[in-house]
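Below is one structure, written out as C-alpha cells; the observations come after it.
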Amino acid sequence: MRSLLTGTAVAAALLALMVGSATSADAIENYNPVTEDRLDNPEPHNWLQVRGNREGWGYSPLDQINTSNVGSLQPAWLFSTGVQEGHQAPPLVNDGVMYVTTPMNQVLALDAATGKRLWRFQRELPEDLFQLHPTNRGPALLGDRLYVALTDCFLVALDARTGEVIWEVAVDDYQAGYYMTIAPLAAKGKIMVGVSGGEYGIRGYVAAYDAESGEEAWRTYTVPAPGEPGSDTWPDDDAWKTGGGSVWLTGNYDPDTGLSYWGIGNAAPWMGDTRGGMDNLYTTSVIAVDVESGALVGHHQYHWNDSWDWDEVSPPLIYDVTRDGETFKALVNVARNGHIYLLKPTAEGPIEFVDAWGYVYSNVITAFDPDTGRVSYDDNHWPGTGKAALFCPSLWGGKDWPYSAYSPDTGLLYIPANENLCSTLEGAEEKYVPGELYIGVPIPVILGGFSLREGWDHIGEIQAWNVDSGEEVWSKDFAHQNWGPILATGGGVLFSGGTNDHMFRAHDAATGETLWEYPTNSGVTASPSTYSVDGKQYVAVQSGWGVDAERKQDVLRGIIPGYDVHVPQGGVIWVFALP
Amino acid sequence: MKAFRPVRSFGIRWNRRRVMQGVLGLGIAVGLVSPDAWITDADAAEIARQRPQDGDQLTFFGGDRDGEVIAPADLSLGEQPFIAYPRDPSSGVIRDGSRLNQITLLRVDPSRFDDRTRPGTVDGIIAFSATCTHQQCPVTAWDEQAEALFCFCHRSRFDPWNAGKVVNGPAVRKLPTLPLRLEGENELRIAGGFSGRVGN
C-alpha cells in the first residue's frame with residue numbers, strides 16, 4: 001500500500017489507514033478494466049461515469065424501457081445503505097458490477113442484477129469533523145480502480161475488485177474548512193478533484209493526481225494569487241486568500257481538445273463589497289483547464305462580484321447547437337443565477353459568449369453585454385454589508401447542483417428548476433477564523449430571509465428547452481421544491497425524483513407527461529442511472545433526503561402557513577425493471 | 001494527529017500562555033503564586049485537549065474579545081448566543097485543542113427552565129455543547145420565531161429550557177448541557193462535564 005500525504009496530515013492518515021477498511025464477501029473475478037477509450041465511448045449497457053458520458057449529458061441510449069411500457073416498471077431489488085443524510089450519487093455500473101457512494105465516506109460494490117453485496121468500504125470520519133454537506137456525488141472508475149473524494153478531504157484509490165485501499169492522499173486540511181463532495185474526473189491518466197469550503201473562506205482549486213501513484217500532478221487555483229492572471233479582479237489586500245471558489249461537481253471533458261470544463265462556486269464571504277466590489281475571478285465562472293498541464297486556458301464569468309451565494313456549480317454540457325445556420329460544438333449551462341448560457345469553446349481554450357436568457361424569474365440581472373456577456377445589475381436587489389436587499393431567485397438559484405440533461409433524440413435540454421422562492425440578505429462584518437464558518441451574513445438573517453413571490457402557485461419545475469431556438473418546449477410544475485437530477489434515455493423517458501413526496505418518476509421526454517411514479521422510502525435527490533445486464537435494462541437511483549433539500553424543506557415549513565411536511569431520512573438503493 | 005486546530009495553533013496560544021506565564025512569573029517574584037504554575041508546551045497541549053472541567057472559566061472565541069474571560073454581565077436577555085471555550089484557571093490555557101470543546105452560551109428567561117435544567121444555570125445563563133448532535137456543526141444562533149437554539153448547517157433546533165431537547169430535526173438527540181455556577185459573587189465558572197455525549 002502506498003500513502004502519499006501532505007505534511008501535517010501524515011499522522012491522521014496513518015490512523016485512517018487503520019480505520020478505513022473494506023469488508024469483502026467475494027473478490028470480483030474477470031473485472032473489465034475501465035479504459036479511457038471506454039470512458040470516451042461509453043457502451044450503452046454500462047454507466048461508467050456520473051453523467052454517463054464525458055460531455056455531461058445524463059443520457060443513455062437504452063430503450064428497452066420506453067414510453068410505452070414504463071408504466072409497468074417495478075422494483076427489482078433494494079439495498080439499504082445504513083446511513084442518513086443526502087444521498088446524491090448515481091450508481092455506476094461496469095459489466096454487471098455496481099458501485100455506489102453514500103454519505104459518511106462509504107462505498108458499496110454490489111451485483112447489479114441481484115443487489116448482492118460484493119464489498120463495502122468506509123473510512124471513519126475524524127472525531128472533530130463537522131459536515132456542512134454530508135454527501136458524496138459519486139466515484140470515478142479507471143483501470144481496475146475506483147477513486148472517491150471524501151468529506152475529510154482525502155482522495156482514496158480502491159481496488160475495484162476487492163475494495164482494498166491502494167493509495168490515499170490528503171488533498172487538504174479538513175480542519176481549515178476544506179472538504180470534498182465531488183465525483184472525481186478520470187482522464188489522461190489523472191484523477192481530478194475540486195475542493196469545497198466557500199462558506200469557510202477556503203481558496204478553491206482543481207487538483208490532479210497520477211492515477212497510478214497518487215502523486216499530485218498539478219493544482220490550479222480558482223482564485224488567483226497576486227500577479228497571476230485574474231488577480232487584478234481582486235482588491236489589493238488579503239481577500240484572495242479566503243476568496244472561496246469551491247468546485248462542487250465533476251468537470252465535463254472534451255477528449256478532442258483535452259480540455260475540461262468546471263463550474264466554480266461563490267466567492268467568500270458572501271457580500272461582494274467585502275471583495276472590493278470587483279469581479280473576483282474565477283468565482284461564479286466556468287473555467288477551461290488543460291488536463292495534461294493544469295493550465296487555466298479559458299473562462300467565462302456568469303456574474304461578477306457574487307453577492308447572492310449563487311455558486312455556479314454546474315459544469316456546462318457539451319453538445320452541438322445550431323444558431324444562425326451555423327452548427328458548432330457548444331457549452332450549454334443552466335446557471336444558478338436564473339439564466340441559460342450558450343457559450344462557444346475553442347480548441348485553444350478561450351470561451352466565447354453567444355447568448356443568455358432567463359429560465360426563472362430574476363430581478364437582479366438586467367442586461368447582458370451582447371459581445372462579452374457581462375451582466376448589469378439592479379442595485380435595488382444587490383445586497384451588501386449593512387445593505388439589505390431582496391432578490392430572486394433565492395440563494396439556491398433557479399437550479400442548484402442537481403444535473404440538467406440533454407437528449408440527442410429530442411434535441412432538448414432538461415432542467416430541474418425552482419421558481420418563485422426569493423431571499424433577503426444583509427451582510428455584517430465577520431472575522432475570519434480558519435475552519436469556522438465565514439459567511440459574512442448573520443445566521444438569523446439567513447434564517448429569516450426567505451419569501452415566496454406574491455401569487456406563487458408552485459416552486460419545483462422540470463423545463464425542456466430547445467437551445468437552437470432559445471425556446472421553452474414544455475414545463476412541468478411541482479407544488480414544492482425540485483431537487484432531482486435528470487436522466488434521459490433512448491426510450492424517450494426522463495427519470496427524476498426531487499420532490500418531497502418520496503416519488504421517483506418517469507416523464508415523457510417529448511411532452512413532460514408523467515408516465516409512472518413510485519413512492520420510495522425517503523426523498524430522491526440523487527442522480528439516476530440506467531444499465532443492462534444479460535439484455536435486461538434496469539433503472540437505479542438512491543433515495544435519501546438531506547442537505548439542501550432538507551434545508552429548503554425547513555424554510556418552506558417556516559414560510560408557508562400550515563405547511564408541516566417532514567421527509568424521513570435514511571438511504572436505500574432502488575433498482576427498477578420491467579416485470 | 002495534530003494537537004491543535006490550525007487557527008489557534010501555537011502562535012496565538014503560545015502568546016496568550018506567555019502572557020499568563022509572565023503574569024505568573026511576576027506573581028512568583030512577589031510571592032503571590034507558586035512556581036508549579038509553569039508548564040511546558042506539551043502540558044499545555046494536553047490541557048487544551050481536555051474536556052471542560054469543574055472550575056474552568058469561559059472565554060470568548062473569535063471577534064474583538066477573543067480569549068477574554070466571560071462575566072455574567074456579558075450575557076443579556078434577548079441577545080444572540082455566542083461561542084466560548086473553557087479556560088483552565090490555574091495554567092491559563094484555553095481548552096481549544098478540540099473543537100468539540102466549543103460551548104454555546106446564552107441568557108434566557110430563567111422562569112421557564114424545567115426542574116432538571118435549572119440547577120446548572122446562573123440567573124438565566126445556560127451553556128450547551130456547541131457541537132450539533134446531527135453533523136457536528138456549531139450551534140450558534142437563536143431562532144426568535146421558534147424560541148430555540150438553531151444550527152445553520154442543517155437547521156436543527158434545540159429547546160434551551162428543557163435541557164437541549166430537540167425541537168425539530170434532522171438531529172435526533174438533545175444538545176448536551178454544561179453546568180455553570182458562580183464563583184464568589186461575579187465569576188462565571190463551569191460546574192462539571194457535559195451532560196451527554198458531545199457531537200454525533
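The chains in the C-alpha cells are called A, B, ... from first to last as shown; in each chain the residues are counted from 1, and the ligands are counted from 1 in the order shown.
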Item to check | Residue neighbourhood Tyr414 of chain A, 8 Å, only C-alpha atoms, exclusion window fewer than 6 positions, as a PyMOL selection string | outcome: chain A and resi 404-406+462-465+486
Would you export the selected residues with N, CA and C atoms as a PDB file, in the first residue's frame, please?
ATOM      1  N   SER A 404     -28.796  19.004 -14.990  1.00  0.00           N
ATOM      2  CA  SER A 404     -29.634  19.050 -16.179  1.00  0.00           C
ATOM      3  C   SER A 404     -29.252  17.864 -17.064  1.00  0.00           C
ATOM      4  N   ALA A 405     -30.065  17.603 -18.068  1.00  0.00           N
ATOM      5  CA  ALA A 405     -29.763  16.508 -19.000  1.00  0.00           C
ATOM      6  C   ALA A 405     -30.011  16.982 -20.422  1.00  0.00           C
ATOM      7  N   TYR A 406     -29.359  16.291 -21.352  1.00  0.00           N
ATOM      8  CA  TYR A 406     -29.569  16.566 -22.775  1.00  0.00           C
ATOM      9  C   TYR A 406     -29.842  15.253 -23.488  1.00  0.00           C
ATOM     10  N   ILE A 462     -39.804  20.946 -13.936  1.00  0.00           N
ATOM     11  CA  ILE A 462     -38.882  20.438 -14.946  1.00  0.00           C
ATOM     12  C   ILE A 462     -39.183  21.221 -16.215  1.00  0.00           C
ATOM     13  N   GLN A 463     -38.141  21.796 -16.786  1.00  0.00           N
ATOM     14  CA  GLN A 463     -38.318  22.570 -18.015  1.00  0.00           C
ATOM     15  C   GLN A 463     -37.585  21.866 -19.156  1.00  0.00           C
ATOM     16  N   ALA A 464     -38.142  21.934 -20.348  1.00  0.00           N
ATOM     17  CA  ALA A 464     -37.494  21.403 -21.548  1.00  0.00           C
ATOM     18  C   ALA A 464     -37.252  22.553 -22.519  1.00  0.00           C
ATOM     19  N   TRP A 465     -36.021  22.719 -22.947  1.00  0.00           N
ATOM     20  CA  TRP A 465     -35.652  23.845 -23.801  1.00  0.00           C
ATOM     21  C   TRP A 465     -34.995  23.372 -25.093  1.00  0.00           C
ATOM     22  N   ILE A 486     -31.633  14.805 -13.454  1.00  0.00           N
ATOM     23  CA  ILE A 486     -32.445  14.186 -14.507  1.00  0.00           C
ATOM     24  C   ILE A 486     -31.607  13.202 -15.323  1.00  0.00           C
TER      25      ILE A 486
END
Checklist entry - Which residues of chain B are close to chain A, meaning at most 10 Å apart when you count only C-alpha atoms, and how do they look as a ChimeraX atom specification? => result /B:1-2,4-8,61-64,80,98-101,131-132,134-138,140-146,150-156,168-170,199-200
Next on the checklist: What's the separation between atom CA of Thr181 of chain A and atom CA of Asn105 of chain A, in Å to one decimal place?
Outcome noted: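 Those two atoms sit 9.8 Å apart.
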Next on the checklist: Residues within 8 Å of Tyr359 of chain A, please, as an NGL selection string. Count only C-alpha atoms; anything in the same chain fewer than 4 positions from it doesn't count.
Outcome noted: :A and (338-340 or 398)
Next on the checklist: So that I can see what lies close to Asp88 of chain B, please list as a ChimeraX atom specification the residues with an atom at most 7 Å from it, counting only C-alpha atoms and leaving out residues fewer than 3 positions away in the same chain.
Outcome noted: /B:56-57,91-94
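Proximity of B:Asp114, B:Ala71, B:Gln102, B:Asp159 to Arg181 of chain B, computed with only C-alpha atoms, is greatest for B:Ala71.
All residues in segment 351-395 of chain A with a DSSP state of strand (DSSP E or B), computed from the backbone, read A:Ile351, A:Glu352, A:Phe353, A:Val354, A:Asp355, A:Ala356, A:Trp357, A:Gly358, A:Ile365, A:Thr366, A:Ala367, A:Phe368, A:Val375, A:Ser376, A:Tyr377, A:Gly384, A:Thr385, A:Lys387, A:Ala389, A:Leu390, A:Phe391.
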Item to check | Among the residues A:Glu326, A:Asp309, A:Glu199, A:Asp508, the one that comes closest to Phe391 of chain A [using only C-alpha atoms] | outcome: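 Nearest candidate to Phe391 of chain A out of A:Glu326, A:Asp309, A:Glu199, A:Asp508: A:Asp309.
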Next on the checklist: For the alpha helix (DSSP H) assignment from backbone DSSP, which residues of chain B qualify? Please present them as a VMD selection string.
Outcome noted: chain B and resid 10 to 29 41 to 49
With N, CA and C atoms retained, could you export that selection as a tab-separated table (two decimals), in the first residue's frame?
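again_5.tsv, written as the output of this step:
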chain	number	residue	atom	x	y	z
B	10	PHE	N	-0.02	27.21	17.69
B	10	PHE	CA	0.92	27.70	18.67
B	10	PHE	C	1.06	29.22	18.72
B	11	GLY	N	0.91	29.87	17.56
B	11	GLY	CA	1.07	31.32	17.57
B	11	GLY	C	0.23	32.01	18.61
B	12	ILE	N	-1.06	31.88	18.48
B	12	ILE	CA	-1.97	32.58	19.38
B	12	ILE	C	-1.86	32.02	20.80
B	13	ARG	N	-1.93	30.69	20.89
B	13	ARG	CA	-1.97	30.10	22.22
B	13	ARG	C	-0.67	30.36	22.98
B	14	TRP	N	0.44	30.21	22.26
B	14	TRP	CA	1.73	30.41	22.90
B	14	TRP	C	1.82	31.83	23.44
B	15	ASN	N	1.39	32.77	22.60
B	15	ASN	CA	1.48	34.15	23.06
B	15	ASN	C	0.60	34.38	24.28
B	16	ARG	N	-0.61	33.80	24.21
B	16	ARG	CA	-1.52	34.00	25.32
B	16	ARG	C	-0.94	33.37	26.60
B	17	ARG	N	-0.40	32.17	26.41
B	17	ARG	CA	0.15	31.48	27.57
B	17	ARG	C	1.35	32.25	28.11
B	18	ARG	N	2.12	32.77	27.16
B	18	ARG	CA	3.30	33.53	27.60
B	18	ARG	C	2.88	34.73	28.42
B	19	VAL	N	1.82	35.34	27.99
B	19	VAL	CA	1.33	36.47	28.77
B	19	VAL	C	0.99	36.02	30.18
B	20	MET	N	0.27	34.88	30.22
B	20	MET	CA	-0.11	34.36	31.52
B	20	MET	C	1.11	33.99	32.35
B	21	GLN	N	2.08	33.36	31.68
B	21	GLN	CA	3.27	32.96	32.41
B	21	GLN	C	4.02	34.19	32.93
B	22	GLY	N	3.98	35.25	32.09
B	22	GLY	CA	4.61	36.48	32.53
B	22	GLY	C	3.95	37.01	33.80
B	23	VAL	N	2.63	36.95	33.78
B	23	VAL	CA	1.90	37.40	34.96
B	23	VAL	C	2.24	36.52	36.16
B	24	LEU	N	2.25	35.19	35.89
B	24	LEU	CA	2.56	34.27	36.97
B	24	LEU	C	3.98	34.49	37.48
B	25	GLY	N	4.89	34.73	36.53
B	25	GLY	CA	6.28	34.95	36.92
B	25	GLY	C	6.41	36.14	37.84
B	26	LEU	N	5.68	37.17	37.49
B	26	LEU	CA	5.68	38.36	38.34
B	26	LEU	C	5.12	38.01	39.71
B	27	GLY	N	4.06	37.18	39.68
B	27	GLY	CA	3.44	36.76	40.93
B	27	GLY	C	4.43	35.97	41.78
B	28	ILE	N	5.21	35.08	41.12
B	28	ILE	CA	6.19	34.29	41.86
B	28	ILE	C	7.20	35.23	42.52
B	29	ALA	N	7.61	36.22	41.72
B	29	ALA	CA	8.64	37.14	42.21
B	29	ALA	C	8.19	37.84	43.48
B	41	ASP	N	5.08	23.21	26.84
B	41	ASP	CA	4.17	23.21	25.70
B	41	ASP	C	3.37	21.91	25.63
B	42	ALA	N	4.04	20.80	25.94
B	42	ALA	CA	3.33	19.51	25.90
B	42	ALA	C	2.22	19.48	26.93
B	43	ASP	N	2.50	20.00	28.12
B	43	ASP	CA	1.46	20.07	29.14
B	43	ASP	C	0.30	20.95	28.66
B	44	ALA	N	0.67	22.07	28.06
B	44	ALA	CA	-0.37	22.99	27.59
B	44	ALA	C	-1.24	22.32	26.53
B	45	ALA	N	-0.60	21.56	25.64
B	45	ALA	CA	-1.37	20.87	24.60
B	45	ALA	C	-2.33	19.87	25.23
B	46	GLU	N	-1.87	19.18	26.23
B	46	GLU	CA	-2.72	18.20	26.90
B	46	GLU	C	-3.90	18.88	27.60
B	47	ILE	N	-3.60	19.98	28.26
B	47	ILE	CA	-4.67	20.73	28.94
B	47	ILE	C	-5.68	21.26	27.92
B	48	ALA	N	-5.16	21.73	26.79
B	48	ALA	CA	-6.04	22.31	25.76
B	48	ALA	C	-6.97	21.27	25.16
B	49	ARG	N	-6.55	20.01	25.18
B	49	ARG	CA	-7.38	18.95	24.61
B	49	ARG	C	-8.43	18.44	25.59
Item to check | Point-to-point distance in Å for atom CA of Asp109 of chain B and atom CA of Ile70 of chain B | outcome: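 Rounded to one decimal, the two atoms are 19.4 Å apart.
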Checklist entry - How many Å lie between atom CA of Thr162 of chain A and atom CA of Val93 of chain A, rounded to one decimal? => result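 Atom CA of Thr162 of chain A sits 15.5 Å away from atom CA of Val93 of chain A.
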